[in-house]
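Chemist: My questions all concern the structure below.
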Amino acid sequence: MSNKIQKVAIVFFSPQENTRMVAEWFRDIFQEKGIDARTRDLTGLNRNGISEAEIGFLERMDLLLVGSPVYSWHIASPVEWFASRLPRVHNKLAVPFVTYGGVNSGAALAELARSLQKHGYLIAGAGKFLGKHSLMFGGKKPLGRNHPDAGEKALTKKLVDKIISGSFEEEGAADSISWQTLNNKRALVRMLSRTVNMKSLGPMMPKISINPEKCTKCQVCLEACPVRVISINTAPRILTGCIYCYNCVRLCPEGVFEASMAGVGIGIRGMAVMNRERPQSQIW
Ligand SMILES: Cc1cc2nc3c(=O)[nH]c(=O)nc-3n(C[C@H](O)[C@H](O)[C@H](O)COP(=O)(O)O)c2cc1C
Ligand code: SF4
Ligand code: SF4
C-alpha cells in the first residue's frame with residue numbers, strides 16, 4: 001500500500017550552494033506534484049541545534065530530507081549537530097543526500113542515514129550528487145565543474161518518484177533501506193574514514209591570514225560565514241569553530257582574509273585519482 005506523503009521538510013547546509021541547488025530541486029519537484037514541501041537552511045546553526053518549535057514542526061512532517069556537503073569524507077558539522085538533536089519518531093520517512101566534489105564521498109551518506117535510523121526514521125531513499133569542489137574555487141578547472149547539472153536533476157526527479165510510489169509502512173519493510181547499504185563500496189575508504197575527518201585534516205588546511213587594516217566593516221563576512229564564527233567588533237577575527245569553507249576568503253570584497261589554495265588543488269586532484277568512485281552520482 002502506498003504511503004501518503006503530504007508534508008515534506010528539506011533541511012540542508014550549503015556554504016557554496018551545491019547542496020542548496022539539489023535541495024531546491026527536491027522542493028520544486030514535490031511542489032509540482034501538489035505536495036507541501038519546504039526547505040530549511042542550517043546556516044547559522046550552533047551546537048545547540050534546532051529549537052523546540054522546529055522540533056515540533058519536523059514531527060508534523062511525513063517525510064524529512066536532509067542534505068549535507070561532504071567534508072573530509074563525513075557530513076558537515078552543522079548537519080551532524082542537527083541530526084543528533086532530532087526528535088525520536090516512529091516509522092517516519094527520511095531521505096539523506098550528500099553533494100561531494102568528485103574525490104570521494106567517504107562515509108558521509110551512510111553516517112547520515114545511520115543517524116536518521118537511530119532516531120526512528122525509515123530510510124525511503126538516498127542520493128549522492130557530484131558538485132563543483134568547493135575547495136577549488138580559485139582554480140580554472142575545479143573537479144566536478146558545472147555540476148550538479150541536468151543529469152543530477154534527473155536523478156532527483158527519479159528519486160522523488162521512487163519515494164512517492166514506495167511502501168514503507170513497517171520498520172524493516174522491504175522497500176526501506178538500511179544505512180549499511182549506503183556504506184562506501186571501497187573497503188580502504190571504509191577503513192580510513194575512521195581516521196580521516198575534519199579534526200585530523202583541519203591542521204593541514206591552508207591557514208587564513210587576516211589583514212585588519214583593509215577592513216571597511218561592511219559586514220559581508222558576518223553573513224558569509226555559515227557557522228557565524230567571525231567577529232569584526234574591534235578588528236576582523238576568526239573565533240573557534242571554523243569549518244574551513246573559505247567563504248570569508250572568497251567573499252570579503254576587500255581581501256581581508258587570505259589563504260593560499262593552489263597546493264590544496266594539487267592534493268585534491270591526486271586524491272581523486274586514488275579514490276575515485278563510480279558512478280559519480282547515484283540514487284538508492
Ligand atoms: C572542508 C572541505 C572538505 C571537503 N571534503 C571533500 C571530500 O572529502 N570529498 C569530496 O569529494 N569533496 C569534498 N569537498 C567538496 C564538497 O563536498 C563539495 O564541493 C560540495 O558539493 C560542496 O557543497 P556546498 O556547495 O553545498 O557547500 C570538501 C569541501 C570542503 C570545503
Ligand atoms: S567582509 Fe571584509 S571588509 Fe567587510 S567587514 Fe568582513 S572583513 Fe571587513
Ligand atoms: S571563518 Fe571563514 S573559513 Fe571559517 S567557517 Fe567562517 S567563513 Fe568558513
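Simple scheme: letters A, B, ... for chains in C-alpha cells order, numbers from 1 for residues in each chain, numbers from 1 for ligands in the order shown.
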How would you report the residues lying within 6 Å of ligand 2, as JSON, numbers by chain, if you count only C-alpha atoms and all ligand atoms?
Modeler: {"A": [215, 216, 217, 218, 219, 220, 221, 236, 252, 253, 254, 256]}
Chemist: Show me, as a PyMOL selection string, the residues that have an atom within 7 Å of Asn247 (chain A) when counting only C-alpha atoms, minus same-chain residues fewer than 3 positions from it.
Modeler: chain A and resi 224-225+250-251
Chemist: For Leu135 (chain A), list every protein, DNA or RNA residue within 12 Å, evaluated using only C-alpha atoms, and leave out those in the same chain fewer than 3 positions away; present the list as an NGL selection string.
Modeler: :A and (15-16 or 69-72 or 100-103 or 131-132 or 138-139 or 141-145 or 205-206 or 243-247 or 249-250 or 259-269)
Chemist: Please report the interatomic distance between CA of Tyr121 (chain A) and CA of Val89 (chain A) in Å with one decimal.
Modeler: 6.5 Å
Chemist: When distances are computed from only C-alpha atoms and all ligand atoms, which of A:Ser176, A:Ser84, A:Asn146, A:Asn183 shows the smallest separation from ligand 1?
Modeler: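 Using only C-alpha atoms and all ligand atoms, ligand 1 sits closest to A:Asn146.
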Chemist: When DSSP is applied to the backbone of this structure, which of region 85-120 of chain A are assigned helix (DSSP H, G or I)? Write them out as a list in words.
Modeler: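 Selection result, helix (DSSP H, G or I) within region 85-120 of chain A: Ala108, Leu109, Ala110, Glu111, Leu112, Ala113, Arg114, Ser115, Leu116, Gln117 and Lys118 of chain A.
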Chemist: Near Trp25 (chain A), within 10 Å and counting only C-alpha atoms, which residues show up once chain neighbours fewer than 3 positions away are dropped, as a PyMOL selection string?
Modeler: chain A and resi 19-22+28-31+152-154+156-157
Chemist: Measuring atom to atom with only C-alpha atoms, identify which of A:Lys92, A:Ser281, A:Arg228, A:Cys248 is nearest to Asp149 (chain A).
Modeler: A:Ser281
Chemist: Give me, please, the distance in Å between atom 2 (Fe, counted along the ligand's line) of ligand 3 and CA of Cys242 (chain A), quoted to one decimal.
Modeler: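 We find that atom 2 (Fe, counted along the ligand's line) of ligand 3 and CA of Cys242 (chain A) lie 6.3 Å from each other.
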Chemist: Go through region 15-110 of chain A and collect every residue that DSSP, computed from the backbone, puts in strand (DSSP E); the answer should be as a list in words.
Modeler: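 Strand (DSSP E) members of region 15-110 of chain A, listed: Asp36, Ala37, Arg38, Thr39, Arg40, Asp41, Leu63, Leu64, Leu65, Val66, Gly67, Ser68, Pro69, Val70, Tyr71, His74, Ile75, Lys92, Leu93, Ala94, Val95, Pro96, Phe97, Val98, Thr99 and Tyr100 of chain A.
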Chemist: Quick one: residues within 7 Å of Ile177 (chain A), only C-alpha atoms, excluding same-chain residues fewer than 3 positions away - as a list in words?
Modeler: Ile123, Ala124, Gly125 and Thr181 of chain A
